[in-house]
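**Student:** Data file upload20.pdb (PDB, C-alpha atoms) is appended below.
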ATOM      1  CA  MET A1130       3.927   5.255  44.574
ATOM      2  CA  SER A1131       1.856   2.359  43.216
ATOM      3  CA  ALA A1132      -0.474   4.806  41.450
ATOM      4  CA  PHE A1133       2.510   6.515  39.854
ATOM      5  CA  LEU A1134       3.914   3.169  38.652
ATOM      6  CA  SER A1135       0.510   2.185  37.299
ATOM      7  CA  GLU A1136       0.193   5.410  35.314
ATOM      8  CA  TYR A1137       3.767   5.066  34.071
ATOM      9  CA  ILE A1138       3.108   1.511  32.862
ATOM     10  CA  LYS A1139      -0.075   2.673  31.108
ATOM     11  CA  PHE A1140       1.891   5.463  29.419
ATOM     12  CA  ILE A1141       4.556   3.024  28.205
ATOM     13  CA  ALA A1142       1.857   0.626  26.940
ATOM     14  CA  LEU A1143       0.071   3.406  25.036
ATOM     15  CA  TYR A1144       3.356   4.598  23.550
ATOM     16  CA  PHE A1145       4.267   1.169  22.212
ATOM     17  CA  LYS A1146       0.708   0.617  21.013
ATOM     18  CA  SER A1147       0.910   3.814  18.975
ATOM     19  CA  LYS A1148       4.229   2.614  17.544
ATOM     20  CA  ASP A1149       3.084  -0.972  17.049
ATOM     21  CA  VAL A1150       4.308  -1.230  13.447
ATOM     22  CA  MET A1151       7.767   0.092  14.320
ATOM     23  CA  VAL A1152       8.005  -2.163  17.373
ATOM     24  CA  PHE A1153       6.843  -5.183  15.351
ATOM     25  CA  ASN A1154       9.372  -4.511  12.578
ATOM     26  CA  GLY A1155      12.072  -3.997  15.193
ATOM     27  CA  LEU A1156      11.283  -7.328  16.816
ATOM     28  CA  ILE A1157      11.346  -9.039  13.419
ATOM     29  CA  GLY A1158      14.731  -7.505  12.664
ATOM     30  CA  LEU A1159      16.121  -8.454  16.073
ATOM     31  CA  GLY A1160      14.857 -12.012  15.731
ATOM     32  CA  THR A1161      16.414 -12.258  12.283
ATOM     33  CA  VAL A1162      19.769 -11.026  13.597
ATOM     34  CA  VAL A1163      19.698 -13.621  16.401
ATOM     35  CA  GLY A1164      18.693 -16.387  13.990
ATOM     36  CA  GLN A1165      21.368 -15.452  11.457
ATOM     37  CA  THR A1166      24.065 -15.322  14.131
ATOM     38  CA  ALA A1167      23.000 -18.682  15.527
ATOM     39  CA  TYR A1168      23.018 -20.182  12.029
ATOM     40  CA  ASN A1169      26.560 -18.963  11.336
ATOM     41  CA  ILE A1170      27.809 -20.331  14.655
ATOM     42  CA  LEU A1171      25.951 -23.650  14.749
ATOM     43  CA  ALA A1172      25.090 -24.700  11.208
ATOM     44  CA  PHE A1173      27.207 -22.874   8.598
ATOM     45  CA  ASN A1174      29.823 -25.235   7.190
ATOM     46  CA  CYS A1175      31.512 -24.265   3.951
ATOM     47  CA  PRO A1176      32.280 -27.364   1.788
ATOM     48  CA  CYS A1177      35.589 -25.824   0.605
ATOM     49  CA  LEU A1178      35.288 -27.454  -2.811
ATOM     50  CA  PRO A1179      35.373 -25.779  -6.221
ATOM     51  CA  LYS A1180      31.955 -25.053  -7.760
ATOM     52  CA  LYS A1181      30.246 -26.068  -4.501
ATOM     53  CA  ASN A1182      31.451 -23.109  -2.447
ATOM     54  CA  TYR A1183      29.696 -20.658  -4.767
ATOM     55  CA  LEU A1184      26.348 -22.461  -4.596
ATOM     56  CA  TYR A1185      26.549 -23.037  -0.850
ATOM     57  CA  GLY A1186      27.526 -19.448  -0.047
ATOM     58  CA  LEU A1187      24.850 -17.854  -2.232
ATOM     59  CA  ALA A1188      22.240 -20.294  -0.919
ATOM     60  CA  ALA A1189      23.152 -19.363   2.671
ATOM     61  CA  ILE A1190      22.494 -15.707   1.823
ATOM     62  CA  GLY A1191      19.608 -15.892  -0.640
ATOM     63  CA  VAL A1192      17.436 -18.887   0.239
ATOM     64  CA  PRO A1193      16.605 -17.879   3.860
ATOM     65  CA  ALA A1194      15.936 -14.332   2.655
ATOM     66  CA  LEU A1195      13.543 -15.639  -0.004
ATOM     67  CA  ALA A1196      11.818 -17.895   2.534
ATOM     68  CA  PHE A1197      11.385 -14.983   4.958
ATOM     69  CA  PHE A1198       9.912 -12.856   2.173
ATOM     70  CA  VAL A1199       7.374 -15.513   1.144
ATOM     71  CA  ILE A1200       6.379 -16.096   4.782
ATOM     72  CA  GLY A1201       6.020 -12.343   5.310
ATOM     73  CA  VAL A1202       3.711 -12.060   2.297
ATOM     74  CA  MET A1203       1.666 -15.062   3.445
ATOM     75  CA  LEU A1204       1.213 -13.735   6.987
ATOM     76  CA  ASN A1205       0.153 -10.268   5.835
ATOM     77  CA  ARG A1206      -3.616  -9.816   6.037
ATOM     78  CA  ASN A1207      -3.580  -7.410   3.088
ATOM     79  CA  THR A1208      -2.407 -10.226   0.794
ATOM     80  CA  TRP A1209      -5.610 -12.159   1.353
ATOM     81  CA  ASP A1210      -7.641  -8.943   1.218
ATOM     82  CA  ILE A1211      -6.404  -8.445  -2.344
ATOM     83  CA  VAL A1212      -7.121 -12.086  -3.193
ATOM     84  CA  SER A1213     -10.631 -11.717  -1.782
ATOM     85  CA  GLU A1214     -11.183  -8.455  -3.662
ATOM     86  CA  CYS A1215     -10.056  -9.976  -6.949
ATOM     87  CA  ARG A1216     -12.145 -13.094  -6.354
ATOM     88  CA  THR A1217     -15.380 -11.245  -5.554
ATOM     89  CA  ARG A1218     -15.100  -8.343  -8.003
ATOM     90  CA  ARG A1219     -12.388  -9.502 -10.436
ATOM     91  CA  CYS A1220     -10.460  -6.340  -9.469
ATOM     92  CA  MET A1221     -12.675  -4.322 -11.812
ATOM     93  CA  LYS A1222     -13.128  -1.574  -9.203
ATOM     94  CA  PHE A1223      -9.576  -1.826  -7.956
ATOM     95  CA  SER A1224      -7.717   1.342  -8.964
ATOM     96  CA  VAL A1225      -4.023   1.528  -9.784
ATOM     97  CA  THR A1226      -3.472   3.791  -6.775
ATOM     98  CA  ALA A1227      -5.135   1.320  -4.438
ATOM     99  CA  ALA A1228      -3.168  -1.583  -5.901
ATOM    100  CA  PHE A1229       0.114   0.325  -5.542
ATOM    101  CA  ALA A1230      -0.671   1.294  -1.945
ATOM    102  CA  LEU A1231      -1.649  -2.210  -0.859
ATOM    103  CA  LEU A1232       1.191  -3.953  -2.670
ATOM    104  CA  GLY A1233       3.602  -1.416  -1.207
ATOM    105  CA  SER A1234       2.272  -2.154   2.261
ATOM    106  CA  ILE A1235       2.636  -5.904   1.744
ATOM    107  CA  VAL A1236       6.135  -5.756   0.265
ATOM    108  CA  GLY A1237       7.303  -3.105   2.739
ATOM    109  CA  ARG A1238       6.483  -5.290   5.710
ATOM    110  CA  ALA A1239       7.626  -8.535   4.081
ATOM    111  CA  VAL A1240      11.146  -7.314   3.194
ATOM    112  CA  VAL A1241      12.170  -6.425   6.767
ATOM    113  CA  ALA A1242      13.408  -9.919   7.631
ATOM    114  CA  PRO A1243      14.986 -10.713   4.195
ATOM    115  CA  VAL A1244      16.877  -7.416   4.085
ATOM    116  CA  THR A1245      18.066  -7.878   7.664
ATOM    117  CA  TRP A1246      19.258 -11.411   6.916
ATOM    118  CA  THR A1247      21.077 -10.330   3.746
ATOM    119  CA  VAL A1248      22.737  -7.314   5.365
ATOM    120  CA  ILE A1249      23.910  -9.246   8.431
ATOM    121  CA  SER A1250      25.204 -12.062   6.214
ATOM    122  CA  LEU A1251      27.227  -9.590   4.159
ATOM    123  CA  LEU A1252      28.538  -7.725   7.210
ATOM    124  CA  ARG A1253      29.666 -10.946   8.872
ATOM    125  CA  GLY A1254      31.201 -12.120   5.598
ATOM    126  CA  GLU A1255      31.456 -15.891   6.178
ATOM    127  CA  ALA A1256      29.048 -16.815   3.371
ATOM    128  CA  TYR A1257      30.626 -14.347   0.945
ATOM    129  CA  VAL A1258      34.143 -15.639   1.715
ATOM    130  CA  CYS A1259      32.936 -19.178   1.119
ATOM    131  CA  ALA A1260      31.177 -18.293  -2.143
ATOM    132  CA  PHE A1261      33.902 -16.219  -3.824
ATOM    133  CA  SER A1262      37.170 -17.578  -2.462
ATOM    134  CA  GLU A1263      37.746 -19.789  -5.501
ATOM    135  CA  PHE A1264      37.237 -16.808  -7.856
ATOM    136  CA  MET A1265      39.772 -14.581  -6.129
ATOM    137  CA  ASN A1266      42.767 -13.673  -8.288
ATOM    138  CA  PRO A1267      45.882 -15.082  -6.574
ATOM    139  CA  SER A1268      48.056 -12.407  -8.171
ATOM    140  CA  SER A1269      46.321  -9.792  -6.011
ATOM    141  CA  LEU A1270      47.991 -11.276  -2.938
ATOM    142  CA  ASP A1271      51.170  -9.607  -1.697
ATOM    143  CA  ASN A1272      54.463 -11.440  -2.250
ATOM    144  CA  ILE A1273      52.791 -14.435  -3.842
ATOM    145  CA  PHE A1274      55.090 -17.254  -4.910
ATOM    146  CA  LEU A1275      55.790 -18.040  -8.523
ATOM    147  CA  THR A1276      53.637 -21.109  -8.094
ATOM    148  CA  THR A1277      50.220 -19.524  -7.806
ATOM    149  CA  PRO A1278      47.384 -21.550  -6.257
ATOM    150  CA  GLY A1279      44.611 -22.726  -8.540
ATOM    151  CA  PRO A1280      40.835 -22.657  -7.870
ATOM    152  CA  GLU A1281      41.049 -25.991  -6.049
ATOM    153  CA  ILE A1282      43.432 -24.536  -3.462
ATOM    154  CA  MET A1283      41.706 -21.125  -3.308
ATOM    155  CA  ALA A1284      38.417 -22.886  -2.523
ATOM    156  CA  ARG A1285      40.035 -24.420   0.575
ATOM    157  CA  PHE A1286      41.050 -21.094   2.138
ATOM    158  CA  PRO A1287      37.753 -20.588   4.085
ATOM    159  CA  CYS A1288      38.470 -23.835   5.958
ATOM    160  CA  LYS A1289      42.149 -22.975   6.586
ATOM    161  CA  ASP A1290      42.878 -26.307   4.888
ATOM    162  CA  VAL A1291      45.575 -25.291   2.411
ATOM    163  CA  PRO A1292      49.133 -26.496   1.819
ATOM    164  CA  ALA A1293      51.721 -25.087   4.196
ATOM    165  CA  LEU A1294      53.209 -23.093   1.303
ATOM    166  CA  PHE A1295      50.059 -20.911   1.171
ATOM    167  CA  MET A1296      49.014 -20.984   4.818
ATOM    168  CA  ASN A1297      50.409 -17.490   5.464
ATOM    169  CA  TYR A1298      47.995 -16.046   2.891
ATOM    170  CA  SER A1299      44.873 -17.360   4.616
ATOM    171  CA  GLY A1300      44.337 -14.226   6.688
ATOM    172  CA  GLU A1301      44.917 -11.924   3.717
ATOM    173  CA  VAL A1302      42.418 -13.806   1.543
ATOM    174  CA  GLU A1303      39.814 -13.602   4.286
ATOM    175  CA  ARG A1304      40.434  -9.879   4.853
ATOM    176  CA  LYS A1305      40.111  -9.001   1.175
ATOM    177  CA  LEU A1306      36.885 -10.968   0.707
ATOM    178  CA  LYS A1307      35.364  -9.643   3.937
ATOM    179  CA  TYR A1308      36.238  -6.137   2.787
ATOM    180  CA  GLU A1309      34.214  -6.698  -0.394
ATOM    181  CA  SER A1310      31.365  -8.342   1.527
ATOM    182  CA  GLN A1311      31.063  -5.608   4.126
ATOM    183  CA  LEU A1312      31.319  -2.910   1.467
ATOM    184  CA  LEU A1313      28.367  -4.481  -0.347
ATOM    185  CA  GLY A1314      26.492  -4.748   2.949
ATOM    186  CA  TRP A1315      26.899  -1.059   3.797
ATOM    187  CA  LEU A1316      26.019  -0.052   0.232
ATOM    188  CA  LEU A1317      22.844  -2.110   0.542
ATOM    189  CA  VAL A1318      21.987  -0.382   3.830
ATOM    190  CA  GLY A1319      22.512   3.036   2.259
ATOM    191  CA  ILE A1320      20.488   2.261  -0.860
ATOM    192  CA  ILE A1321      17.574   0.832   1.121
ATOM    193  CA  SER A1322      17.586   3.760   3.559
ATOM    194  CA  LEU A1323      17.509   6.239   0.676
ATOM    195  CA  ALA A1324      14.758   4.274  -1.081
ATOM    196  CA  VAL A1325      12.613   4.209   2.077
ATOM    197  CA  PHE A1326      13.067   7.954   2.555
ATOM    198  CA  LEU A1327      12.111   8.714  -1.050
ATOM    199  CA  LEU A1328       9.058   6.438  -0.891
ATOM    200  CA  LEU A1329       7.865   8.116   2.319
ATOM    201  CA  CYS A1330       8.303  11.523   0.685
ATOM    202  CA  LEU A1331       6.359  10.325  -2.362
ATOM    203  CA  LYS A1332       3.599   8.929  -0.167
ATOM    204  CA  ASN A1333       3.225  12.164   1.805
ATOM    205  CA  CYS A1334       3.348  14.296  -1.341
ATOM    206  CA  CYS A1335       0.669  12.232  -3.077
ATOM    207  CA  SER A1336      -1.546  11.831  -0.031
ATOM    208  CA  PRO A1337      -4.686  14.022   0.164
ATOM    209  CA  LEU A1338      -4.281  14.082   3.961
ATOM    210  CA  GLY A1339      -2.088  16.274   6.100
ATOM    211  CA  TYR A1340       0.295  14.971   8.744
ATOM    212  CA  GLN A1341      -2.242  15.323  11.589
ATOM    213  CA  GLN A1342      -4.945  13.729   9.445
ATOM    214  CA  GLU A1343      -2.600  10.824   8.704
ATOM    215  CA  ALA A1344      -1.980  10.362  12.439
ATOM    216  CA  TYR A1345      -5.714  10.488  13.138
ATOM    217  CA  TRP A1346      -6.391   8.056  10.304
ATOM    218  CA  SER A1347      -3.852   5.595  11.688
ATOM    219  CA  GLN A1348      -5.486   5.773  15.125
ATOM    220  CA  TYR A1349      -8.914   5.319  13.563
ATOM    221  CA  CYS A1350      -7.785   2.278  11.581
ATOM    222  CA  SER A1351      -6.274   0.694  14.661
ATOM    223  CA  SER A1352      -9.410   1.341  16.744
ATOM    224  CA  GLU A1353     -11.763   0.097  14.035
ATOM    225  CA  GLN A1354      -9.743  -3.068  13.518
ATOM    226  CA  ALA A1355      -9.625  -3.826  17.250
ATOM    227  CA  LEU A1356     -13.361  -3.199  17.689
ATOM    228  CA  PHE A1357     -14.187  -5.245  14.592
ATOM    229  CA  GLN A1358     -12.170  -8.224  15.844
ATOM    230  CA  ARG A1359     -13.631  -8.086  19.361
ATOM    231  CA  THR A1360     -17.184  -7.705  18.064
ATOM    232  CA  ALA A1361     -16.718 -10.553  15.577
ATOM    233  CA  GLU A1362     -15.455 -12.761  18.402
ATOM    234  CA  VAL A1363     -18.497 -12.000  20.554
ATOM    235  CA  HIS A1364     -20.852 -12.471  17.596
ATOM    236  CA  ALA A1365     -19.322 -15.850  16.763
ATOM    237  CA  LYS A1366     -19.434 -16.914  20.418
ATOM    238  CA  TYR A1367     -23.101 -15.889  20.665
ATOM    239  CA  HIS A1368     -24.157 -18.002  17.694
ATOM    240  CA  ALA A1369     -21.956 -20.899  18.784
ATOM    241  CA  ALA A1370     -23.700 -20.817  22.172
ATOM    242  CA  GLU A1371     -27.121 -20.738  20.492
ATOM    243  CA  ASN A1372     -26.301 -23.741  18.304
ATOM    244  CA  VAL A1373     -24.827 -25.746  21.191
ATOM    245  CA  LYS A1374     -27.893 -24.929  23.308
ATOM    246  CA  SER A1375     -30.259 -26.035  20.540
ATOM    247  CA  PHE A1376     -28.406 -29.355  20.342
ATOM    248  CA  PHE A1377     -27.916 -30.164  24.042
ATOM    249  CA  GLY A1378     -30.690 -28.065  25.538
ATOM    250  CA  PHE A1379     -28.202 -26.062  27.574
ATOM    251  CA  VAL A1380     -24.759 -24.496  27.212
ATOM    252  CA  ALA A1381     -21.992 -24.286  29.816
ATOM    253  CA  LEU A1382     -20.864 -20.663  30.017
ATOM    254  CA  GLU A1383     -18.724 -18.784  32.472
ATOM    255  CA  ASN A1384     -20.422 -16.009  34.422
ATOM    256  CA  GLN A1385     -18.534 -13.365  32.509
ATOM    257  CA  GLU A1386     -19.589 -14.928  29.200
ATOM    258  CA  LYS A1387     -23.217 -15.081  30.332
ATOM    259  CA  GLN A1388     -23.185 -11.389  31.162
ATOM    260  CA  LEU A1389     -21.494 -10.538  27.891
ATOM    261  CA  LEU A1390     -23.940 -12.526  25.773
ATOM    262  CA  ALA A1391     -26.891 -11.187  27.752
ATOM    263  CA  ASP A1392     -25.930  -7.690  26.604
ATOM    264  CA  CYS A1393     -26.087  -8.707  22.937
ATOM    265  CA  LYS A1394     -29.533  -7.329  22.235
ATOM    266  CA  GLY A1395     -30.568  -6.752  18.657
ATOM    267  CA  ILE A1396     -27.723  -8.874  17.319
ATOM    268  CA  LYS A1397     -28.008  -9.928  13.674
ATOM    269  CA  SER A1398     -28.829 -13.584  13.420
ATOM    270  CA  VAL A1399     -27.309 -13.933   9.962
ATOM    271  CA  ILE A1400     -24.993 -11.608   8.082
ATOM    272  CA  PRO A1401     -25.635 -11.911   4.324
ATOM    273  CA  ARG A1402     -22.769 -12.856   2.089
ATOM    274  CA  LEU A1403     -23.147  -9.579   0.224
ATOM    275  CA  GLU A1404     -22.356  -7.747   3.459
ATOM    276  CA  TRP A1405     -19.219  -9.822   3.996
ATOM    277  CA  ASN A1406     -18.139  -9.257   0.393
ATOM    278  CA  ARG A1407     -18.225  -5.537   1.016
ATOM    279  CA  VAL A1408     -15.760  -5.997   3.847
ATOM    280  CA  THR A1409     -12.712  -7.237   1.996
ATOM    281  CA  GLY A1410     -10.096  -5.072   3.648
ATOM    282  CA  VAL A1411      -9.743  -2.931   0.514
ATOM    283  CA  TYR A1412     -10.516   0.369   2.125
ATOM    284  CA  MET A1413     -12.814   2.769   0.364
ATOM    285  CA  TYR A1414     -12.313   6.421  -0.272
ATOM    286  CA  ARG A1415     -14.810   9.152  -0.911
ATOM    287  CA  GLU A1416     -15.023  12.859  -0.256
ATOM    288  CA  ILE A1417     -17.967  14.292   1.638
ATOM    289  CA  ASP A1418     -17.980  18.076   1.963
ATOM    290  CA  ASP A1419     -14.360  18.101   0.774
ATOM    291  CA  THR A1420     -13.406  15.792   3.652
ATOM    292  CA  PRO A1421     -11.717  12.476   2.754
ATOM    293  CA  ILE A1422     -13.436   9.533   4.431
ATOM    294  CA  TYR A1423     -11.884   6.076   4.599
ATOM    295  CA  SER A1424     -13.339   3.016   6.260
ATOM    296  CA  ARG A1425     -13.501  -0.739   6.024
ATOM    297  CA  LEU A1426     -17.189  -0.699   6.884
ATOM    298  CA  ASN A1427     -18.492   2.102   4.650
ATOM    299  CA  LYS A1428     -20.732   0.451   2.066
ATOM    300  CA  TRP A1429     -19.623   2.424  -0.931
ATOM    301  CA  THR A1430     -18.823   0.813  -4.237
ATOM    302  CA  MET A1431     -16.002   3.169  -5.124
ATOM    303  CA  TYR A1432     -12.703   1.473  -4.298
ATOM    304  CA  THR A1433     -10.001   4.050  -4.919
ATOM    305  CA  THR A1434      -8.056   3.777  -1.675
ATOM    306  CA  GLU A1435      -4.661   5.275  -1.125
ATOM    307  CA  HIS A1436      -4.443   4.018   2.458
ATOM    308  CA  ASP A1437      -4.855   0.809   4.344
ATOM    309  CA  CYS A1438      -4.740  -0.107   8.019
TER     310      CYS A1438
END
Render the structure in this file as structure tokens.

**Tutor:**
Amino acid sequence: MSAFLSEYIKFIALYFKSKDVMVFNGLIGLGTVVGQTAYNILAFNCPCLPKKNYLYGLAAIGVPALAFFVIGVMLNRNTWDIVSECRTRRCMKFSVTAAFALLGSIVGRAVVAPVTWTVISLLRGEAYVCAFSEFMNPSSLDNIFLTTPGPEIMARFPCKDVPALFMNYSGEVERKLKYESQLLGWLLVGIISLAVFLLLCLKNCCSPLGYQQEAYWSQYCSSEQALFQRTAEVHAKYHAAENVKSFFGFVALENQEKQLLADCKGIKSVIPRLEWNRVTGVYMYREIDDTPIYSRLNKWTMYTTEHDC
């Protein structure tokens, strides 16, 4: 039974590892939903004043989305790969296709949280009701009195702080504005879904690789990145140990670390800067015997990538 559970756990781990991008985007979306819900419950407080409602409501929708987008771009490794590429080679060997692919990868991952925040904000409707209550036409309300409320009174509807004469219209105002907000939210979901589908179709149509080759390439990228990071960690630890030993005359290592460093035979003492400059994350493409080859570590000078890890 324990062997069966062990194999089952390994299978689940491998499945999620193969779907790491989808799982990561799903976790980002879930975290954004939780954060947006908590914000609406704990912190959202419409001022219910003319000209301030509009600014506060739009800021509650747009500013967090913008902040999430900027953070997503900053945390994406490909952003700094492009900066490094442009710094070392002034982007002279950076093709339009490569730029489009990398920028698409950066933006595609960075917009998950902003889009989720915006959609959930519109579907909940509180921020939209706050922002546009003062602009609602009072004549659209059923059985409105001859004395129609002005913007000052309409702006107070989100807080239910209106004169008793108009209190019965509070629910109707909220329903109409939430209808508009949720309609915009679902339209945004539909437009984004269609745009993602069309972009994926365009990517697959323009790609020189077949579906199985794409799957293999994704596995190769993941394996190469993991091996590169682990090897770089061991290499850095080896030279750190050498420098500490040269200073103190000895170095305190765990037994496992001693065994690991003892196996590092033939390690490069110094990696030239030129070698590092060739590894900028802008993946290279070349055909050998009609077979497309992509790799971070291939030392070719032709940077015409259509793919990135």

**Student:** Name the closest residue to Cys1335 of chain A among the candidates A:Arg1359, A:Phe1264, A:Ala1230, A:Val1399; distances are taken between atoms, counting all atoms listed in the file.

**Tutor:**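 Ranked by minimum distance to Cys1335 of chain A, first place goes to A:Ala1230.
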
**Student:** With distances taken over all atoms listed in the file, which of A:Pro1243, A:Gly1300, A:Pro1267, A:Pro1287 is nearest to Gly1158 of chain A?

**Tutor:**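 Selected residue with least distance to Gly1158 of chain A: A:Pro1243.
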
**Student:** Taking the file as shown, what set of residues would the PyMOL selection byres ((chain A and resi 1283) around 9) give back, as a list in words?

**Tutor:** Cys1177, Pro1179, Ser1262, Glu1263, Phe1264, Met1265, Pro1267, Pro1278, Gly1279, Pro1280, Glu1281, Ile1282, Ala1284, Arg1285, Phe1286, Pro1287, Val1291 and Val1302 of chain A

**Student:** Which is closest to Lys1366 of chain A among A:Ala1293, A:Ile1396, A:Cys1259, A:Leu1252, if we use only C-alpha atoms?

**Tutor:** A:Ile1396

**Student:** When you look at Leu1204 of chain A with a cut-off of 12 Å (counting only C-alpha atoms), what residues show up, excluding the ones that are within fewer than 5 positions of it in the same chain? I need them as an mmCIF file with C-alpha atoms, in the frame of the given file.

**Tutor:**
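Contents of part.cif, as written:
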data_model
loop_
_atom_site.group_PDB
_atom_site.id
_atom_site.type_symbol
_atom_site.label_atom_id
_atom_site.label_comp_id
_atom_site.auth_asym_id
_atom_site.auth_seq_id
_atom_site.Cartn_x
_atom_site.Cartn_y
_atom_site.Cartn_z
ATOM 1 C CA PHE A 1197 11.385 -14.983 4.958
ATOM 2 C CA PHE A 1198 9.912 -12.856 2.173
ATOM 3 C CA VAL A 1199 7.374 -15.513 1.144
ATOM 4 C CA TRP A 1209 -5.610 -12.159 1.353
ATOM 5 C CA ASP A 1210 -7.641 -8.943 1.218
ATOM 6 C CA ILE A 1235 2.636 -5.904 1.744
ATOM 7 C CA VAL A 1236 6.135 -5.756 0.265
ATOM 8 C CA ARG A 1238 6.483 -5.290 5.710
ATOM 9 C CA ALA A 1239 7.626 -8.535 4.081
#

**Student:** If I put a ball of radius 10 Å at (-22.3, -13.8, 18.5) in the file's coordinates, which residues poke into it when counting only C-alpha atoms, written as a list in words?

**Tutor:** Thr1360, Ala1361, Glu1362, Val1363, His1364, Ala1365, Lys1366, Tyr1367, His1368, Ala1369, Ala1370, Glu1371, Leu1389, Leu1390, Cys1393, Ile1396, Lys1397, Ser1398 and Val1399 of chain A

**Student:** Atom CA of Thr1247 of chain A to atom CA of Ile1190 of chain A: how many Å, to one decimal?

**Tutor:**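 Atom-to-atom, atom CA of Thr1247 of chain A and atom CA of Ile1190 of chain A are spaced 5.9 Å apart.
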
**Student:** What is the atom CA of Gln1165 of chain A to atom CA of Ile1200 of chain A distance in Å?

**Tutor:** 16.4 Å
